[in-house]
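**Student:** Submitted below is the structure of interest, expressed as structure tokens.
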Amino acid sequence: SRIHSHNFARSIASLTALSMGLILLVAITGAVCALPRSVRRANYDALPEDVNEPNMDLIFASAIWRHGDRAAEAAVPGREQFDEDAWNFGGGGYGELSPEGMSMHFNLGRRIRKRYMVNRQFLSSAYNAKEIYVRSTDYNRTLISAYSNVAGMYSGFGVQGANFPSPDAVPDWPAGYVPIPVHTVDIKTDLIGHPDSPCARQDQLYELVKQSNEYHTYINDPQVSKVLKYLSEETSKEVTIHNMYDTQNPIFCEGIHIDELSQTGANIEDFYPWFYTGDVPTWVDWIMDKDEDFTNGIANPVGVNGIDVAVEIGKIRSGDTLKMLAGNVHGVLQCRDAPDATACRHFYKKLRYYALSAHDTTVSAFLTILGVKKYIIPEGYPNYSAAVLVEVYEDNGTKQRFFKVLYHADKDSDFKPITTFVRGCDFKSNLCPIAVLDDLVKKYAPETDVVTLCNTPLDVSPPTTTVIPVTGPATTSIPTTTTTTTKTVASTIQQKDTTTSSGTSISIISTIFFIVFVFL
């Protein structure tokens, strides 16, 4: 029976290695071939479910999330069908969190409660001010997302008279509501929570990006030029790669809330038929997704003008976020190892959970420097209420410390482990040594702070020339693919990305199969 057990164990190990290899293969293939947004979730769905780590003590957990569903931040340029007065929820006005957005984060808070209070008994069931700290960027939508999230964690589970007043004292107090503090800082200098805060060095780096061959190819793509020209003519405003968001995002937000806005039963396509014509939406998404890659330094891995653009941009856009997270981790570990030592700050003595309520750009930049975005979100930004958890564990026997990274993709998702894709981590394990986290900090964290870094010019000045996209003659025709083919724009994009990366694709796929073969 021992032999049969051994063979069974080997079979299970082989199947595990095979499944991990196939998961990694699916993820890498999705990163190399530009998947349409409609199917990009396949990478996330292919990930295995999370499991409890045997013989491990959970020491600390940190969360970074995107706010929930919101109103548009402005009207569509040149087509102001729905001005600011049309948005009534969340207090009214542009950019405010919707009741759906509040619901998203309340439910995410319930998931966090289930993970840390119910399943693991890691946090106290009732609110303990020393155990958790919640920070938010200084936007109404991120602040209210945070309040909604912690309400999901604690409301209905507090101690009357301790966490909230008794009905005798305050008869109208909302039943079971437990108020939790959320902290914030000035948005102008908050590069921990807001990667797009003003930063001269980041602007200089982007000018370098614009000189790269990859950017030249992107901005001079004839289809990109056609789309920009077409949108400019339809909106009577100049639409560029850098302001296309001002057209796409209002239409996206209005589309979600069109019933509330129009109250006529009309569809969003009825208001913007020019946008929902042919392959225009597909191209708009693709253009914006590529620009986001350039903004985060993903599209320039080899550097520009002798500067490692990906690393330098990563330092600004998420280096301080990573530095803060690692600082919290080591602060908690110091107090765990020597609670009476002077190095143990009072703040960390009982801290167990730290959360940052922020934006899609925050989550995207953080996933980028971890090295996982291209695998789990190869196209576009994280969804509303998307969240990253970073957990720290200690081995009961060896006392070694590890970290685990998990991702919550959207309102309908649970937490799935993505540690296997983090730079420097073993793809066979959901746990990674703390030393790998420290290595990432050494690579991406600013030596001083990000504000000082932003005020420090690059050593090499970028060229002053700017690449101008090919424009061609003015036209009012709808941008489509060339008439010599019946392929859609989406397939053209996928073919283009596959063609330019075919050598890399074959090399990566061969490597994965080799790894799987070795383990089998």
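We label chains A, B, ... in the order they appear in the structure tokens, count residues from 1 in each chain, and number ligands from 1 in the order shown.
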Identify, with DSSP run on backbone atoms, the residues in range 262-355 of chain A assigned to helix (DSSP H, G or I), and express the list as a PyMOL selection string.
**Tutor:** chain A and resi 262+268-271+280-296+309-337+346-348
**Student:** Can you check which parts of range 285-334 of chain A lie within 7 Å of range 442-461 of chain A? Per residue, the shortest pair of atoms and distance in Å to one decimal, counting only C-alpha atoms, sorted by chain and number, as JSON lines.
**Tutor:**
{"residue": "A:Val311", "atom": "CA", "partner": "A:Tyr444", "partner_atom": "CA", "distance": 6.4}
{"residue": "A:Gly314", "atom": "CA", "partner": "A:Tyr444", "partner_atom": "CA", "distance": 6.2}
{"residue": "A:Lys315", "atom": "CA", "partner": "A:Tyr444", "partner_atom": "CA", "distance": 4.7}
{"residue": "A:Ile316", "atom": "CA", "partner": "A:Val450", "partner_atom": "CA", "distance": 6.1}
{"residue": "A:Gly319", "atom": "CA", "partner": "A:Ala445", "partner_atom": "CA", "distance": 4.3}
{"residue": "A:Asp320", "atom": "CA", "partner": "A:Ala445", "partner_atom": "CA", "distance": 5.8}
{"residue": "A:Leu322", "atom": "CA", "partner": "A:Ala445", "partner_atom": "CA", "distance": 6.8}
{"residue": "A:Lys323", "atom": "CA", "partner": "A:Ala445", "partner_atom": "CA", "distance": 5.6}
**Student:** Store the residues picked out above, limited to N, CA and C atoms, as a PDB file, in the first residue's frame.
**Tutor:**
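Written file, part.pdb:
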ATOM      1  N   VAL A 311      11.690  50.513 -15.232  1.00  0.00           N
ATOM      2  CA  VAL A 311      12.040  50.617 -13.812  1.00  0.00           C
ATOM      3  C   VAL A 311      11.834  52.036 -13.303  1.00  0.00           C
ATOM      4  N   GLY A 314       8.231  52.763 -13.019  1.00  0.00           N
ATOM      5  CA  GLY A 314       7.703  51.982 -11.907  1.00  0.00           C
ATOM      6  C   GLY A 314       8.007  52.604 -10.561  1.00  0.00           C
ATOM      7  N   LYS A 315       9.202  53.202 -10.431  1.00  0.00           N
ATOM      8  CA  LYS A 315       9.568  53.861  -9.170  1.00  0.00           C
ATOM      9  C   LYS A 315       8.595  54.980  -8.830  1.00  0.00           C
ATOM     10  N   ILE A 316       8.182  55.718  -9.851  1.00  0.00           N
ATOM     11  CA  ILE A 316       7.306  56.858  -9.625  1.00  0.00           C
ATOM     12  C   ILE A 316       5.860  56.419  -9.445  1.00  0.00           C
ATOM     13  N   GLY A 319       6.397  52.812  -6.866  1.00  0.00           N
ATOM     14  CA  GLY A 319       7.534  52.525  -5.991  1.00  0.00           C
ATOM     15  C   GLY A 319       7.263  52.855  -4.538  1.00  0.00           C
ATOM     16  N   ASP A 320       6.633  54.010  -4.286  1.00  0.00           N
ATOM     17  CA  ASP A 320       6.317  54.379  -2.907  1.00  0.00           C
ATOM     18  C   ASP A 320       5.202  53.513  -2.334  1.00  0.00           C
ATOM     19  N   LEU A 322       4.799  50.282  -3.025  1.00  0.00           N
ATOM     20  CA  LEU A 322       5.498  49.063  -2.624  1.00  0.00           C
ATOM     21  C   LEU A 322       6.338  49.302  -1.380  1.00  0.00           C
ATOM     22  N   LYS A 323       6.989  50.461  -1.328  1.00  0.00           N
ATOM     23  CA  LYS A 323       7.827  50.802  -0.170  1.00  0.00           C
ATOM     24  C   LYS A 323       6.982  50.900   1.102  1.00  0.00           C
TER      25      LYS A 323
END
**Student:** I want to know what sits within 10 Å of range 343-347 of chain A, based on only C-alpha atoms, with residues of the same chain fewer than 4 positions away left out; could you give that as JSON, numbers by chain?
**Tutor:** {"A": [130, 131, 133, 328, 330, 331, 332, 333, 334, 335, 336, 337, 338, 339, 351]}
**Student:** With 10 Å as the cut-off and only C-alpha atoms counted, what is the closest atom pair between each nearby residue of range 342-383 of chain A and range 280-288 of chain A? Distances in Å to one decimal, ordered by chain and number, as a tab-separated table.
**Tutor:**
residue	atom	partner	partner_atom	distance
A:Glu379	CA	A:Trp286	CA	7.9
A:Gly380	CA	A:Met288	CA	7.5
A:Tyr381	CA	A:Met288	CA	9.6
**Student:** Could you take the residues named above and write them with all heavy atoms, as an mmCIF file, in the first residue's frame?
**Tutor:**
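Saved to out38.cif:
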data_model
loop_
_atom_site.group_PDB
_atom_site.id
_atom_site.type_symbol
_atom_site.label_atom_id
_atom_site.label_comp_id
_atom_site.auth_asym_id
_atom_site.auth_seq_id
_atom_site.Cartn_x
_atom_site.Cartn_y
_atom_site.Cartn_z
ATOM 1 N N GLU A 379 -4.871 43.200 -21.167
ATOM 2 C CA GLU A 379 -5.429 44.342 -21.879
ATOM 3 C C GLU A 379 -6.250 45.179 -20.912
ATOM 4 O O GLU A 379 -7.097 44.673 -20.194
ATOM 5 C CB GLU A 379 -6.324 43.891 -23.036
ATOM 6 C CG GLU A 379 -5.633 43.040 -24.088
ATOM 7 C CD GLU A 379 -4.674 43.831 -24.948
ATOM 8 O OE1 GLU A 379 -4.858 45.048 -25.083
ATOM 9 O OE2 GLU A 379 -3.729 43.222 -25.488
ATOM 10 N N GLY A 380 -5.994 46.486 -20.891
ATOM 11 C CA GLY A 380 -6.856 47.407 -20.166
ATOM 12 C C GLY A 380 -6.557 47.536 -18.684
ATOM 13 O O GLY A 380 -5.522 47.100 -18.180
ATOM 14 N N TYR A 381 -7.501 48.175 -18.012
ATOM 15 C CA TYR A 381 -7.363 48.489 -16.588
ATOM 16 C C TYR A 381 -8.155 47.505 -15.726
ATOM 17 O O TYR A 381 -9.068 46.833 -16.211
ATOM 18 C CB TYR A 381 -7.890 49.901 -16.322
ATOM 19 C CG TYR A 381 -6.980 51.006 -16.792
ATOM 20 C CD1 TYR A 381 -7.105 51.537 -18.070
ATOM 21 C CD2 TYR A 381 -5.998 51.525 -15.954
ATOM 22 C CE1 TYR A 381 -6.273 52.564 -18.500
ATOM 23 C CE2 TYR A 381 -5.169 52.540 -16.374
ATOM 24 C CZ TYR A 381 -5.305 53.061 -17.648
ATOM 25 O OH TYR A 381 -4.479 54.066 -18.069
#
**Student:** Just how far from CA of Ser62 in chain A is CA of Leu367 in chain A, in Å to one decimal?
**Tutor:**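 Atom-to-atom, CA of Leu367 in chain A and CA of Ser62 in chain A are spaced 14.0 Å apart.
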**Student:** DSSP on the backbone, then: every residue of range 94-341 of chain A marked strand (DSSP E), written as a ChimeraX atom specification.
**Tutor:** /A:132-136,183-184
**Student:** Just the selected residues (N, CA, C and O atoms), exported as a compact mmCIF listing (two decimals), in the first residue's frame, please.
**Tutor:**
# COMPACT_ATOMS: atom_id res chain seq x y z
N ILE A 132 -6.55 47.47 12.53
CA ILE A 132 -6.66 47.84 11.12
C ILE A 132 -6.42 49.34 10.92
O ILE A 132 -6.63 50.15 11.84
N TYR A 133 -5.94 49.67 9.72
CA TYR A 133 -5.75 51.06 9.33
C TYR A 133 -6.17 51.17 7.87
O TYR A 133 -5.73 50.39 7.03
N VAL A 134 -7.02 52.15 7.57
CA VAL A 134 -7.53 52.32 6.21
C VAL A 134 -7.18 53.71 5.71
O VAL A 134 -7.46 54.72 6.39
N ARG A 135 -6.59 53.74 4.54
CA ARG A 135 -6.19 55.01 3.92
C ARG A 135 -6.87 55.11 2.55
O ARG A 135 -7.09 54.11 1.88
N SER A 136 -7.16 56.33 2.13
CA SER A 136 -7.81 56.55 0.85
C SER A 136 -7.21 57.77 0.17
O SER A 136 -6.71 58.68 0.84
N HIS A 183 -8.44 57.43 6.60
CA HIS A 183 -7.47 58.52 6.58
C HIS A 183 -7.12 58.90 5.14
O HIS A 183 -7.18 58.07 4.23
N THR A 184 -6.72 60.14 4.94
CA THR A 184 -6.35 60.58 3.60
C THR A 184 -5.26 61.65 3.68
O THR A 184 -4.95 62.15 4.77
**Student:** Excluding same-chain residues fewer than 3 positions from Pro195 in chain A, what lies within 8 Å of it counting only C-alpha atoms, as a list in words?
**Tutor:**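 Contacts, in chain order: Asp190, Leu191, Ile192, Ile316, Arg317, Ser318, Thr361, Thr362 and Ala365 of chain A.
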**Student:** Please provide as a PyMOL selection string all residues within 12 Å of His242 in chain A, with the sequence filter that same-chain residues fewer than 4 positions apart are discarded (counting only C-alpha atoms).
**Tutor:** chain A and resi 206+210+219+228+238+246-248+284+287-292+294-295
**Student:** Just give me the gap between CA of Ile64 in chain A and CA of Ala146 in chain A in Å, one decimal is fine.
**Tutor:**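 Here the two named atoms are 10.6 Å from each other.
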**Student:** Under the rule of at most 10 Å, produce a per-residue listing of range 366-420 of chain A near range 69-85 of chain A: chain, number, name, the closest pair of atoms, and the distance in Å, as CSV, using only C-alpha atoms.
**Tutor:**
residue,atom,partner,partner_atom,distance
A:Asn383,CA,A:Asp69,CA,9.0
A:Tyr384,CA,A:Asp69,CA,5.7
A:Ser385,CA,A:Asp69,CA,7.8
**Student:** At what distance in Å, to one decimal, does CA of Ser148 in chain A lie from CA of Met104 in chain A?
**Tutor:**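 If I compute the distance from CA of Met104 in chain A to CA of Ser148 in chain A, I get 8.4 Å.
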**Student:** Would you list the contacts of Val304 in chain A as a list of chain:residue names, taking every protein, DNA or RNA residue within 7 Å and counting only C-alpha atoms, but skipping same-chain residues closer than 3 positions in sequence?
**Tutor:**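 Residues meeting the cut-off are A:Leu208, A:Val209, A:Ser212, A:Ile307, A:Asp308, A:Val309.
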**Student:** Name all residues at most 10 Å from Gly109 in chain A (count only C-alpha atoms; drop same-chain ones fewer than 4 positions away) and give them as a list in words.
**Tutor:**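 Contacts, in chain order: Ser103, Met104, His105, Arg113, Lys114, Arg115, Ser145, Ala146, Tyr147, Ser148, Asn149, Val150, Ala151, Gly152, Met153, Tyr154 and Ser155 of chain A.
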**Student:** Identify which of the residues A:Ser262, A:Ala386, A:Val441, A:Trp274 lies closest to Tyr230 in chain A, counting only C-alpha atoms when measuring atom-to-atom distances.
**Tutor:**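 Result for the nearest residue to Tyr230 in chain A: A:Trp274.
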**Student:** Name the closest residue to Ser364 in chain A among the candidates A:Asp45, A:Asp293, A:Glu254, A:Glu53; distances are taken between atoms, counting only C-alpha atoms.
**Tutor:** A:Asp293
